[in-house]
>>> print(open('final.cif').read())   # mmCIF, C-alpha atoms
data_query
loop_
_atom_site.label_atom_id
_atom_site.label_comp_id
_atom_site.auth_asym_id
_atom_site.auth_seq_id
_atom_site.Cartn_x
_atom_site.Cartn_y
_atom_site.Cartn_z
CA MET F 1 1.93 -51.78 13.93
CA LYS F 2 -1.85 -51.60 13.40
CA HIS F 3 -2.18 -49.41 16.51
CA LYS F 4 0.41 -46.97 15.15
CA THR F 5 -1.27 -46.85 11.76
CA ARG F 6 -4.64 -46.26 13.39
CA PHE F 7 -3.13 -43.48 15.54
CA PHE F 8 -1.61 -41.66 12.58
CA ILE F 9 -4.82 -41.96 10.57
CA SER F 10 -6.82 -40.60 13.52
CA ALA F 11 -4.36 -37.75 14.01
CA ALA F 12 -4.49 -36.85 10.32
CA CYS F 13 -8.29 -36.88 10.36
CA PHE F 14 -8.32 -34.67 13.43
CA LEU F 15 -6.02 -32.15 11.78
CA VAL F 16 -8.12 -32.09 8.63
CA VAL F 17 -11.34 -31.55 10.60
CA PHE F 18 -9.65 -28.90 12.75
CA ALA F 19 -8.44 -27.03 9.66
CA LEU F 20 -11.86 -27.24 8.02
CA LEU F 21 -13.43 -25.67 11.12
CA PHE F 22 -10.69 -23.27 12.23
CA PHE F 23 -9.79 -21.45 9.04
CA PRO F 24 -13.37 -20.52 8.06
CA LEU F 25 -13.95 -19.40 11.66
CA LYS F 26 -10.75 -17.35 11.57
CA GLU F 27 -11.86 -15.70 8.33
CA LEU F 28 -15.33 -15.01 9.71
CA LEU F 29 -14.00 -13.26 12.82
CA ALA F 30 -11.17 -11.34 11.15
CA ARG F 31 -11.65 -7.59 10.90
CA LYS F 32 -12.58 -6.50 7.38
CA THR F 33 -12.67 -2.96 6.03
CA LEU F 34 -15.26 -3.11 3.26
CA THR F 35 -16.87 0.35 3.32
CA ALA F 36 -15.65 2.93 0.82
CA PRO F 37 -13.60 4.99 0.58
CA PHE F 38 -11.33 3.26 3.10
CA ASP F 39 -12.22 -0.30 2.08
CA MET F 40 -8.67 -1.53 2.43
CA THR F 41 -9.63 -5.20 2.52
CA ASN F 42 -11.08 -4.81 -0.97
CA LYS F 43 -8.00 -2.93 -2.13
CA ILE F 44 -5.38 -5.32 -0.74
CA SER F 45 -7.15 -8.65 -1.21
CA GLY F 46 -8.47 -7.36 -4.53
CA PHE F 47 -4.93 -6.97 -5.81
CA TYR F 48 -4.45 -10.74 -5.60
CA ASN F 49 -7.60 -11.25 -7.68
CA GLU F 50 -6.36 -9.12 -10.58
CA PRO F 51 -5.01 -10.86 -13.71
CA GLU F 52 -1.36 -11.80 -13.61
CA ASP F 53 1.04 -9.43 -15.38
CA GLU F 54 -1.71 -6.83 -15.67
CA PHE F 55 0.17 -3.78 -14.35
CA GLU F 56 3.03 -1.92 -15.98
CA VAL F 57 3.38 0.41 -12.99
CA LEU F 58 2.95 -0.23 -9.26
CA PHE F 59 2.52 2.47 -6.63
CA LEU F 60 3.54 1.45 -3.13
CA GLY F 61 3.62 3.15 0.26
CA PRO F 62 1.27 4.69 2.81
CA SER F 63 -1.92 6.76 2.56
CA HIS F 64 -0.04 9.52 0.73
CA ALA F 65 0.18 7.04 -2.16
CA TYR F 66 -3.41 5.82 -2.16
CA ALA F 67 -4.77 9.37 -1.89
CA SER F 68 -2.57 10.75 -4.69
CA PHE F 69 -2.09 8.23 -7.51
CA SER F 70 -5.31 7.38 -9.36
CA PRO F 71 -4.60 4.40 -11.66
CA LEU F 72 -7.80 4.83 -13.67
CA ARG F 73 -7.02 8.50 -14.30
CA LEU F 74 -3.46 7.53 -15.25
CA TRP F 75 -4.85 4.97 -17.70
CA GLU F 76 -7.16 7.58 -19.24
CA ASP F 77 -4.17 9.89 -19.66
CA THR F 78 -1.62 7.38 -20.94
CA GLY F 79 -3.14 3.94 -21.53
CA VAL F 80 -0.66 2.58 -18.96
CA LYS F 81 -2.15 0.17 -16.41
CA SER F 82 -1.20 0.53 -12.75
CA TYR F 83 -2.28 -0.32 -9.21
CA THR F 84 -1.86 1.49 -5.90
CA PHE F 85 -0.90 -1.29 -3.48
CA SER F 86 -0.73 0.66 -0.23
CA THR F 87 -2.05 0.83 3.32
CA SER F 88 -2.37 3.56 5.92
CA GLN F 89 0.97 4.57 7.49
CA GLN F 90 2.64 1.62 5.78
CA PRO F 91 6.17 1.46 7.23
CA ILE F 92 9.04 1.04 4.84
CA TRP F 93 9.66 -2.57 5.94
CA ALA F 94 6.04 -3.39 5.07
CA THR F 95 6.47 -1.68 1.70
CA TYR F 96 9.35 -4.06 1.01
CA THR F 97 7.09 -7.04 1.76
CA TYR F 98 4.28 -5.62 -0.38
CA LEU F 99 6.74 -5.30 -3.24
CA LYS F 100 7.86 -8.92 -2.77
CA GLU F 101 4.22 -10.03 -2.73
CA ALA F 102 3.39 -7.98 -5.83
CA LEU F 103 6.26 -9.51 -7.78
CA LYS F 104 4.77 -12.97 -7.31
CA ARG F 105 1.97 -12.03 -9.73
CA GLN F 106 3.08 -8.94 -11.60
CA SER F 107 6.05 -7.95 -13.75
CA PRO F 108 6.05 -4.14 -13.60
CA ALA F 109 8.45 -2.07 -15.63
CA LEU F 110 8.25 0.74 -13.05
CA VAL F 111 7.76 0.80 -9.27
CA VAL F 112 6.97 4.11 -7.59
CA VAL F 113 7.45 4.22 -3.81
CA GLU F 114 5.90 7.08 -1.84
CA CYS F 115 8.61 7.40 0.78
CA VAL F 116 7.17 9.56 3.58
CA GLU F 117 7.37 6.67 6.05
CA ALA F 118 11.11 6.41 5.40
CA ILE F 119 11.52 9.67 7.32
CA ARG F 120 9.60 8.54 10.42
CA MET F 121 11.42 7.68 13.64
CA GLU F 122 9.39 4.77 15.07
CA GLU F 123 10.98 1.30 15.36
CA TYR F 124 7.51 -0.22 15.76
CA TYR F 125 4.07 1.13 14.90
CA ASP F 126 0.94 1.00 17.01
CA GLU F 127 -1.24 -2.09 16.89
CA GLY F 128 -3.94 -0.60 14.66
CA VAL F 129 -1.45 0.32 11.94
CA THR F 130 0.38 -2.99 12.16
CA TYR F 131 -2.73 -5.15 11.82
CA SER F 132 -3.94 -2.95 8.96
CA TYR F 133 -0.98 -3.94 6.79
CA MET F 134 -0.76 -7.52 8.10
CA ASP F 135 -4.37 -8.73 8.03
CA ASP F 136 -5.15 -8.79 4.32
CA ILE F 137 -2.01 -10.28 2.82
CA PRO F 138 -2.12 -14.10 2.56
CA PHE F 139 0.03 -16.34 4.71
CA SER F 140 3.46 -16.85 3.23
CA TRP F 141 7.13 -16.79 4.18
CA ASN F 142 7.07 -13.08 3.28
CA LYS F 143 4.34 -12.54 5.89
CA VAL F 144 6.28 -14.48 8.53
CA LYS F 145 9.33 -12.30 7.98
CA LEU F 146 7.19 -9.15 8.07
CA ALA F 147 5.67 -10.19 11.41
CA TRP F 148 9.16 -10.73 12.78
CA VAL F 149 10.24 -7.13 12.12
CA SER F 150 6.84 -5.61 12.97
CA ALA F 151 6.64 -6.70 16.62
CA ASP F 152 9.29 -6.88 19.33
CA THR F 153 7.99 -9.94 21.20
CA LEU F 154 7.38 -13.53 20.16
CA SER F 155 3.75 -13.37 21.27
CA GLY F 156 3.20 -10.20 19.26
CA ARG F 157 4.62 -11.85 16.16
CA VAL F 158 2.49 -14.95 16.57
CA GLU F 159 -0.65 -12.83 16.99
CA LEU F 160 0.13 -10.94 13.78
CA LEU F 161 0.38 -14.22 11.91
CA CYS F 162 -2.71 -15.74 13.50
CA ASN F 163 -5.08 -12.84 14.04
CA PHE F 164 -7.69 -15.18 15.54
CA PHE F 165 -6.10 -14.30 18.89
CA LYS F 166 -6.82 -10.64 18.17
CA TYR F 167 -10.35 -10.95 16.79
CA HIS F 168 -11.81 -14.02 18.55
CA GLY F 169 -14.06 -11.73 20.61
CA ARG F 170 -15.76 -10.08 17.63
CA TRP F 171 -18.92 -12.18 17.83
CA ASP F 172 -21.09 -9.29 19.01
CA SER F 173 -19.94 -6.98 16.21
CA LEU F 174 -20.30 -9.40 13.28
CA THR F 175 -22.50 -8.19 10.43
CA GLY F 176 -24.01 -9.83 7.38
CA ALA F 177 -20.94 -8.79 5.38
CA ASP F 178 -18.75 -11.02 7.58
CA PHE F 179 -20.86 -14.06 6.70
CA THR F 180 -21.06 -13.39 2.95
CA PHE F 181 -17.43 -12.25 2.52
CA VAL F 182 -15.38 -14.32 0.06
CA ARG F 183 -11.83 -13.04 -0.18
CA SER F 184 -11.20 -14.59 -3.58
CA GLN F 185 -14.05 -12.55 -5.09
CA VAL F 186 -13.35 -9.02 -3.82
CA GLN F 187 -12.09 -6.25 -6.08
CA SER F 188 -10.95 -2.67 -5.69
CA THR F 189 -13.27 -0.25 -7.47
CA TYR F 190 -10.45 2.20 -8.28
CA LYS F 191 -7.41 -0.12 -8.45
CA GLY F 192 -6.29 0.67 -4.91
CA TYR F 193 -6.90 4.42 -5.06
CA VAL F 194 -8.94 6.18 -2.34
CA LEU F 195 -11.24 8.90 -3.69
CA LEU F 196 -11.53 11.50 -0.92
CA ASP F 197 -14.30 14.08 -0.52
CA LEU F 198 -13.81 17.78 -1.14
CA GLN F 199 -13.26 20.05 1.85
CA GLU F 200 -13.74 23.77 2.25
CA GLU F 201 -10.83 24.46 4.58
CA GLU F 202 -7.68 25.89 2.99
CA GLN F 203 -4.59 23.96 4.08
CA PRO F 204 -1.34 25.86 4.78
CA GLN F 205 1.63 25.13 2.54
CA PRO F 206 4.99 25.49 4.35
CA ASP F 207 7.84 27.03 2.38
CA ILE F 208 10.45 24.29 1.95
CA SER F 209 12.29 25.86 -0.97
CA GLU F 210 15.35 26.84 1.07
CA VAL F 211 15.73 23.70 3.17
CA THR F 212 19.15 22.18 2.48
CA GLU F 213 19.91 20.58 5.85
CA ARG F 214 20.20 16.80 6.18
CA ALA F 215 18.70 14.91 9.14
CA ALA F 216 19.67 11.28 9.67
CA LEU F 217 17.28 8.47 8.79
CA LEU F 218 16.25 5.89 11.37
CA GLU F 219 18.65 2.97 10.92
CA LYS F 220 15.79 0.49 10.45
CA ASN F 221 14.20 2.65 7.75
CA GLU F 222 17.49 3.10 5.93
CA TYR F 223 18.08 -0.66 5.95
CA TRP F 224 14.69 -1.47 4.40
CA LEU F 225 14.83 1.38 1.92
CA ARG F 226 18.12 -0.02 0.69
CA LYS F 227 16.52 -3.46 0.46
CA ILE F 228 13.75 -2.04 -1.76
CA ILE F 229 16.26 -0.36 -4.05
CA GLU F 230 18.45 -3.45 -4.27
CA LEU F 231 15.48 -5.74 -4.95
CA CYS F 232 14.34 -3.59 -7.85
CA GLN F 233 17.84 -3.44 -9.27
CA GLU F 234 18.21 -7.22 -8.96
CA GLU F 235 14.90 -7.69 -10.79
CA GLY F 236 15.71 -5.13 -13.48
CA ILE F 237 12.79 -2.89 -12.47
CA GLU F 238 13.02 0.87 -12.67
CA LEU F 239 12.38 2.42 -9.26
CA TRP F 240 11.37 5.97 -8.41
CA LEU F 241 11.32 7.29 -4.85
CA VAL F 242 8.85 10.15 -4.61
CA LYS F 243 7.12 12.36 -2.10
CA ALA F 244 3.52 13.02 -3.09
CA PRO F 245 2.00 16.45 -2.38
CA SER F 246 1.33 16.64 1.37
CA ASN F 247 2.35 20.12 2.60
CA ILE F 248 5.46 18.63 4.16
CA THR F 249 7.03 20.41 7.13
CA VAL F 250 10.46 22.02 7.16
CA GLU F 251 11.64 19.44 9.72
CA ASP F 252 10.50 16.50 7.58
CA LYS F 253 12.06 18.04 4.49
CA ALA F 254 15.47 17.86 6.14
CA THR F 255 15.06 14.10 6.65
CA LEU F 256 13.65 13.72 3.15
CA ASN F 257 16.85 15.29 1.83
CA SER F 258 18.69 12.28 3.26
CA VAL F 259 16.37 9.99 1.27
CA GLU F 260 17.34 11.96 -1.82
CA ASP F 261 21.02 11.41 -1.01
CA LEU F 262 20.49 7.68 -0.59
CA ALA F 263 18.66 7.52 -3.93
CA ALA F 264 21.56 9.33 -5.59
CA GLU F 265 23.98 6.81 -4.10
CA TYR F 266 22.20 4.07 -6.07
CA GLY F 267 21.46 6.17 -9.16
CA VAL F 268 17.71 6.01 -8.44
CA LEU F 269 15.35 8.82 -9.41
CA PHE F 270 14.01 10.84 -6.49
CA HIS F 271 11.48 13.67 -6.64
CA ASP F 272 9.53 15.70 -4.08
CA PHE F 273 6.29 16.91 -5.67
CA ASN F 274 5.78 19.36 -2.81
CA GLU F 275 8.17 21.55 -4.81
CA ASP F 276 5.90 21.51 -7.90
CA TYR F 277 2.63 23.01 -6.67
CA GLU F 278 2.70 25.90 -9.12
CA GLU F 279 3.38 23.63 -12.10
CA ILE F 280 0.71 21.16 -10.98
CA GLY F 281 -1.80 23.89 -10.24
CA LEU F 282 -2.31 22.75 -6.64
CA THR F 283 -3.62 25.04 -3.95
CA GLY F 284 -4.36 24.45 -0.29
CA ALA F 285 -8.04 24.14 -1.19
CA LEU F 286 -7.42 20.84 -3.04
CA PHE F 287 -6.60 18.85 0.08
CA TYR F 288 -8.88 16.56 2.08
CA ASP F 289 -6.84 17.33 5.19
CA HIS F 290 -3.40 18.77 5.78
CA ALA F 291 -1.50 15.87 4.22
CA HIS F 292 -3.84 14.19 1.69
CA LEU F 293 -5.22 15.37 -1.63
CA ASP F 294 -8.97 15.37 -2.17
CA GLY F 295 -10.49 13.78 -5.28
CA GLN F 296 -10.02 16.84 -7.46
CA GLY F 297 -6.49 17.43 -6.21
CA ALA F 298 -5.53 13.82 -6.90
CA ALA F 299 -6.97 13.98 -10.43
CA LEU F 300 -5.00 17.16 -11.10
CA PHE F 301 -1.85 15.66 -9.64
CA THR F 302 -2.26 12.39 -11.57
CA ASP F 303 -2.65 14.35 -14.82
CA TYR F 304 0.61 16.13 -14.04
CA PHE F 305 2.33 12.91 -13.00
CA SER F 306 1.19 11.20 -16.22
CA GLU F 307 3.08 13.71 -18.36
CA TRP F 308 6.03 13.72 -15.97
CA MET F 309 6.16 9.90 -16.07
CA LEU F 310 6.11 9.63 -19.85
CA GLU F 311 8.88 12.20 -20.15
CA ARG F 312 11.10 9.91 -18.05
CA ALA F 313 9.78 6.47 -19.05
CA ALA F 314 8.51 6.81 -22.59
CA ASN F 315 8.70 3.09 -23.33
CA LEU F 316 6.06 1.95 -20.85
CA ALA F 317 3.63 -0.50 -22.45
CA ALA F 318 0.14 0.90 -22.98
CA ASP F 319 -3.22 -0.74 -23.55
CA ALA F 320 -5.66 2.09 -24.19
CA ASP F 321 -8.39 -0.09 -25.75
CA ASP F 322 -9.27 -2.31 -22.79
CA ALA F 323 -13.08 -2.24 -22.49
CA ASP F 324 -13.08 -3.30 -18.84
CA TRP F 325 -10.72 -0.50 -17.88
CA ALA F 326 -12.81 1.96 -19.90
CA ALA F 327 -15.93 0.96 -17.95
CA GLU F 328 -14.16 1.28 -14.62
CA ALA F 329 -12.70 4.62 -15.64
CA ALA F 330 -16.19 5.86 -16.51
CA GLU F 331 -17.38 4.87 -13.00
CA TYR F 332 -14.43 6.72 -11.48
CA GLU F 333 -15.11 9.88 -13.51
CA ALA F 334 -18.79 9.78 -12.52
CA ALA F 335 -17.83 9.53 -8.85
CA LEU F 336 -15.35 12.36 -9.26
CA ALA F 337 -17.97 14.56 -10.92
CA ALA F 338 -20.42 13.76 -8.11
CA LEU F 339 -18.03 15.30 -5.58
CA ASP F 340 -18.79 18.71 -7.09
CA GLU F 341 -22.50 18.16 -6.69
CA SER F 342 -22.43 16.96 -3.08
#
>>> encode(input="final.cif", output="C-alpha cells")
Amino acid sequence: MKHKTRFFISAACFLVVFALLFFPLKELLARKTLTAPFDMTNKISGFYNEPEDEFEVLFLGPSHAYASFSPLRLWEDTGVKSYTFSTSQQPIWATYTYLKEALKRQSPALVVVECVEAIRMEEYYDEGVTYSYMDDIPFSWNKVKLAWVSADTLSGRVELLCNFFKYHGRWDSLTGADFTFVRSQVQSTYKGYVLLDLQEEEQPQPDISEVTERAALLEKNEYWLRKIIELCQEEGIELWLVKAPSNITVEDKATLNSVEDLAAEYGVLFHDFNEDYEEIGLTGALFYDHAHLDGQGAALFTDYFSEWMLERAANLAADADDADWAAEAAEYEAALAALDES
C-alpha cells in the first residue's frame, strides 16, 4: 500500500513539475502578433482582459469587420460601447466559436456578423489562417470543438489545440517581446479595430445593383450560419448579418443573395452596405486595398453605421461619460488625423 501511495505521489509531482515547465515554454514559443496595425494577439487576447459586461454591441467576422467597424468612433457618435472580435479570413464556423467565447464574459444586446466568409467555398482553410484564429483563444471545450471542424485529420486537430508542435522550432526567431509577453496584461488599442493607412490608388467599384441571381451556399457554411442565428435567438440577442463595404464582385453578390434569403427565413436583419456608397459618401479612393477600407473610409462608414444602427436599435444602452473611453477615443482620433500628415 505504501508503494502505491508513493507511486501516485511521485506521479502527481511529476505532472505538476511538467506543467510548470511545459506551459510557460509553450507560451514563450507560440507565435504572437504584437505589431500594429495587425497586432491580432493584442486584439483577441485583449478582449478577455476587458471588463465583464462592458459591450452593448459585438462585431464578429473576418478582416472586413476589423477594417470597417471602429468601436471608439462608434462610441464618440453614440455613447454605445462595442468591440470588434475578429480575425483575418475568419470562417463562419470560427465566428460561431468566437460568439460562444464572447458570451462567457459579455451580455450584448446586439451582435453584428460580417458575413463575407459565409459565401466562400472552402471546407478547410490554409494553415496560416487556421492558426491565426486558433492561437489566441484560451483552451476550452469551445476550442476543442473548433479544432475538430477546422482540420480534417486527427493530427491536425491535435496540433491546433497544442501549438507547441507547430512552434517548437521558433528558438532562432524569438525576440525580447516573447520573453516579456504576459497574455493577461495585453489590450487592444482600438477595441479590436485595425486602423489602415491611406492609399493613393483608386479602387474599382463593380455595379451589383442588378444582381438578383442566387448561388448556393457551401453546406458547411450554411450549417454554421444557422447555428449563429439560432444561438442568438436562444440567448435573446438581436443579430444583424451585414456585408461591409468591400467592392464585392457580381459573382459573390449572387451567393450573398442566398445569405439574405437565409436571414429572411429566420426574420433576421440583413444588409449589404456595398449598395450604400452614395449615401455613405464612399469612393474608391477611401480603400486600403480592393476589399478593405482605409482609416478615413472606416471613420466615414462608422459614422454612417452609427446613425443607421440607432434608427433600428434605438434602445441600446449608452455610456457617453466614461473617462477611459474618452481618453482612448482621443488617441484614436490623433492617429486618424496623423494619417493625413503622413
>>> closest_residue(input="final.cif", among="F:Val129, F:Val57, F:Leu198, F:Leu300", to="Gly79 in chain F", atoms="only C-alpha atoms")
F:Val57
>>> closest_residue(input="final.cif", among="F:Val113, F:Ala254, F:Ile228, F:Ala326", to="Thr84 in chain F", atoms="only C-alpha atoms")
F:Val113
>>> atom_distance(input="final.cif", atom1="CA of Leu241 in chain F", atom2="CA of Ser68 in chain F")
14.3 Å
>>> resolve_selection(input="final.cif", expression="the PyMOL selection byres ((chain F and resi 58-65) around 10)", output="JSON, numbers by chain")
{"F": [55, 56, 57, 66, 67, 68, 69, 70, 71, 81, 82, 83, 84, 85, 86, 87, 88, 89, 90, 91, 92, 94, 95, 96, 98, 99, 102, 103, 106, 107, 108, 109, 110, 111, 112, 113, 114, 115, 116, 117, 118, 133, 192, 193, 194, 239, 240, 241, 242, 243, 244, 245, 246, 291, 292, 293]}
>>> write_last_selection(input="final.cif", atoms="C-alpha atoms", output="tab-separated table (two decimals), keeping the file's coordinate frame")
chain	number	residue	atom	x	y	z
F	55	PHE	CA	0.17	-3.78	-14.35
F	56	GLU	CA	3.03	-1.92	-15.98
F	57	VAL	CA	3.38	0.41	-12.99
F	66	TYR	CA	-3.41	5.82	-2.16
F	67	ALA	CA	-4.77	9.37	-1.89
F	68	SER	CA	-2.57	10.75	-4.69
F	69	PHE	CA	-2.09	8.23	-7.51
F	70	SER	CA	-5.31	7.38	-9.36
F	71	PRO	CA	-4.60	4.40	-11.66
F	81	LYS	CA	-2.15	0.17	-16.41
F	82	SER	CA	-1.20	0.53	-12.75
F	83	TYR	CA	-2.28	-0.32	-9.21
F	84	THR	CA	-1.86	1.49	-5.90
F	85	PHE	CA	-0.90	-1.29	-3.48
F	86	SER	CA	-0.73	0.66	-0.23
F	87	THR	CA	-2.05	0.83	3.32
F	88	SER	CA	-2.37	3.56	5.92
F	89	GLN	CA	0.97	4.57	7.49
F	90	GLN	CA	2.64	1.62	5.78
F	91	PRO	CA	6.17	1.46	7.23
F	92	ILE	CA	9.04	1.04	4.84
F	94	ALA	CA	6.04	-3.39	5.07
F	95	THR	CA	6.47	-1.68	1.70
F	96	TYR	CA	9.35	-4.06	1.01
F	98	TYR	CA	4.28	-5.62	-0.38
F	99	LEU	CA	6.74	-5.30	-3.24
F	102	ALA	CA	3.39	-7.98	-5.83
F	103	LEU	CA	6.26	-9.51	-7.78
F	106	GLN	CA	3.08	-8.94	-11.60
F	107	SER	CA	6.05	-7.95	-13.75
F	108	PRO	CA	6.05	-4.14	-13.60
F	109	ALA	CA	8.45	-2.07	-15.63
F	110	LEU	CA	8.25	0.74	-13.05
F	111	VAL	CA	7.76	0.80	-9.27
F	112	VAL	CA	6.97	4.11	-7.59
F	113	VAL	CA	7.45	4.22	-3.81
F	114	GLU	CA	5.90	7.08	-1.84
F	115	CYS	CA	8.61	7.40	0.78
F	116	VAL	CA	7.17	9.56	3.58
F	117	GLU	CA	7.37	6.67	6.05
F	118	ALA	CA	11.11	6.41	5.40
F	133	TYR	CA	-0.98	-3.94	6.79
F	192	GLY	CA	-6.29	0.67	-4.91
F	193	TYR	CA	-6.90	4.42	-5.06
F	194	VAL	CA	-8.94	6.18	-2.34
F	239	LEU	CA	12.38	2.42	-9.26
F	240	TRP	CA	11.37	5.97	-8.41
F	241	LEU	CA	11.32	7.29	-4.85
F	242	VAL	CA	8.85	10.15	-4.61
F	243	LYS	CA	7.12	12.36	-2.10
F	244	ALA	CA	3.52	13.02	-3.09
F	245	PRO	CA	2.00	16.45	-2.38
F	246	SER	CA	1.33	16.64	1.37
F	291	ALA	CA	-1.50	15.87	4.22
F	292	HIS	CA	-3.84	14.19	1.69
F	293	LEU	CA	-5.22	15.37	-1.63
>>> resolve_selection(input="final.cif", expression="the PyMOL selection byres ((chain F and resi 319) around 8)", output="ChimeraX atom specification")
/F:79-81,317-318,320-322
>>> atom_distance(input="final.cif", atom1="CA of Glu52 in chain F", atom2="CA of Arg105 in chain F")
5.1 Å
>>> atom_distance(input="final.cif", atom1="CA of Glu200 in chain F", atom2="CA of Asn42 in chain F")
28.9 Å
>>> resolve_selection(input="final.cif", expression="the PyMOL selection byres ((chain F and resi 146) around 12)", output="ChimeraX atom specification")
/F:90-101,124,130-131,133-135,137-145,147-152,156-158,160-161,224
>>> closest_residue(input="final.cif", among="F:Glu234, F:Asp276, F:Asp172, F:Glu251", to="Tyr304 in chain F", atoms="only C-alpha atoms")
F:Asp276
>>> closest_residue(input="final.cif", among="F:Asp53, F:Asp303, F:Glu260, F:Glu265", to="Glu279 in chain F", atoms="all atoms listed in the file")
F:Asp303
>>> build_atoms(input="final.cif", residues="range 248-271 of chain F", atoms="N, CA and C atoms", output="mmCIF file, in the coordinates of the input")
data_model
loop_
_atom_site.group_PDB
_atom_site.id
_atom_site.type_symbol
_atom_site.label_atom_id
_atom_site.label_comp_id
_atom_site.auth_asym_id
_atom_site.auth_seq_id
_atom_site.Cartn_x
_atom_site.Cartn_y
_atom_site.Cartn_z
ATOM 1 N N ILE F 248 4.457 19.160 3.249
ATOM 2 C CA ILE F 248 5.460 18.630 4.160
ATOM 3 C C ILE F 248 6.090 19.746 4.990
ATOM 4 N N THR F 249 6.446 19.416 6.227
ATOM 5 C CA THR F 249 7.030 20.410 7.130
ATOM 6 C C THR F 249 8.507 20.625 6.827
ATOM 7 N N VAL F 250 9.027 21.716 7.320
ATOM 8 C CA VAL F 250 10.460 22.020 7.160
ATOM 9 C C VAL F 250 11.299 20.933 7.815
ATOM 10 N N GLU F 251 10.882 20.465 9.004
ATOM 11 C CA GLU F 251 11.640 19.440 9.720
ATOM 12 C C GLU F 251 11.687 18.130 8.928
ATOM 13 N N ASP F 252 10.538 17.733 8.359
ATOM 14 C CA ASP F 252 10.500 16.500 7.580
ATOM 15 C C ASP F 252 11.284 16.634 6.274
ATOM 16 N N LYS F 253 11.316 17.829 5.730
ATOM 17 C CA LYS F 253 12.060 18.040 4.490
ATOM 18 C C LYS F 253 13.545 17.770 4.699
ATOM 19 N N ALA F 254 14.060 18.101 5.871
ATOM 20 C CA ALA F 254 15.470 17.860 6.140
ATOM 21 C C ALA F 254 15.778 16.362 6.133
ATOM 22 N N THR F 255 14.874 15.545 6.674
ATOM 23 C CA THR F 255 15.060 14.100 6.650
ATOM 24 C C THR F 255 14.852 13.562 5.231
ATOM 25 N N LEU F 256 13.898 14.143 4.525
ATOM 26 C CA LEU F 256 13.650 13.720 3.150
ATOM 27 C C LEU F 256 14.865 13.988 2.264
ATOM 28 N N ASN F 257 15.620 15.023 2.576
ATOM 29 C CA ASN F 257 16.850 15.290 1.830
ATOM 30 C C ASN F 257 17.840 14.136 1.951
ATOM 31 N N SER F 258 17.812 13.440 3.090
ATOM 32 C CA SER F 258 18.690 12.280 3.260
ATOM 33 C C SER F 258 18.210 11.110 2.407
ATOM 34 N N VAL F 259 16.894 10.997 2.203
ATOM 35 C CA VAL F 259 16.370 9.990 1.270
ATOM 36 C C VAL F 259 16.864 10.289 -0.140
ATOM 37 N N GLU F 260 16.837 11.557 -0.491
ATOM 38 C CA GLU F 260 17.340 11.960 -1.820
ATOM 39 C C GLU F 260 18.802 11.581 -1.985
ATOM 40 N N ASP F 261 19.599 11.777 -0.932
ATOM 41 C CA ASP F 261 21.020 11.410 -1.010
ATOM 42 C C ASP F 261 21.196 9.912 -1.183
ATOM 43 N N LEU F 262 20.387 9.132 -0.468
ATOM 44 C CA LEU F 262 20.490 7.680 -0.590
ATOM 45 C C LEU F 262 20.102 7.229 -1.990
ATOM 46 N N ALA F 263 19.066 7.840 -2.555
ATOM 47 C CA ALA F 263 18.660 7.520 -3.930
ATOM 48 C C ALA F 263 19.800 7.818 -4.899
ATOM 49 N N ALA F 264 20.447 8.954 -4.712
ATOM 50 C CA ALA F 264 21.560 9.330 -5.590
ATOM 51 C C ALA F 264 22.708 8.336 -5.486
ATOM 52 N N GLU F 265 22.915 7.811 -4.302
ATOM 53 C CA GLU F 265 23.980 6.810 -4.100
ATOM 54 C C GLU F 265 23.778 5.603 -5.004
ATOM 55 N N TYR F 266 22.523 5.226 -5.243
ATOM 56 C CA TYR F 266 22.200 4.070 -6.070
ATOM 57 C C TYR F 266 21.859 4.453 -7.513
ATOM 58 N N GLY F 267 21.849 5.743 -7.823
ATOM 59 C CA GLY F 267 21.460 6.170 -9.160
ATOM 60 C C GLY F 267 19.974 6.041 -9.418
ATOM 61 N N VAL F 268 19.166 6.144 -8.355
ATOM 62 C CA VAL F 268 17.710 6.010 -8.440
ATOM 63 C C VAL F 268 17.075 7.391 -8.494
ATOM 64 N N LEU F 269 16.046 7.538 -9.315
ATOM 65 C CA LEU F 269 15.350 8.820 -9.410
ATOM 66 C C LEU F 269 14.610 9.122 -8.124
ATOM 67 N N PHE F 270 14.750 10.347 -7.646
ATOM 68 C CA PHE F 270 14.010 10.840 -6.490
ATOM 69 C C PHE F 270 13.362 12.169 -6.872
ATOM 70 N N HIS F 271 12.112 12.367 -6.396
ATOM 71 C CA HIS F 271 11.480 13.670 -6.640
ATOM 72 C C HIS F 271 10.458 13.973 -5.551
#
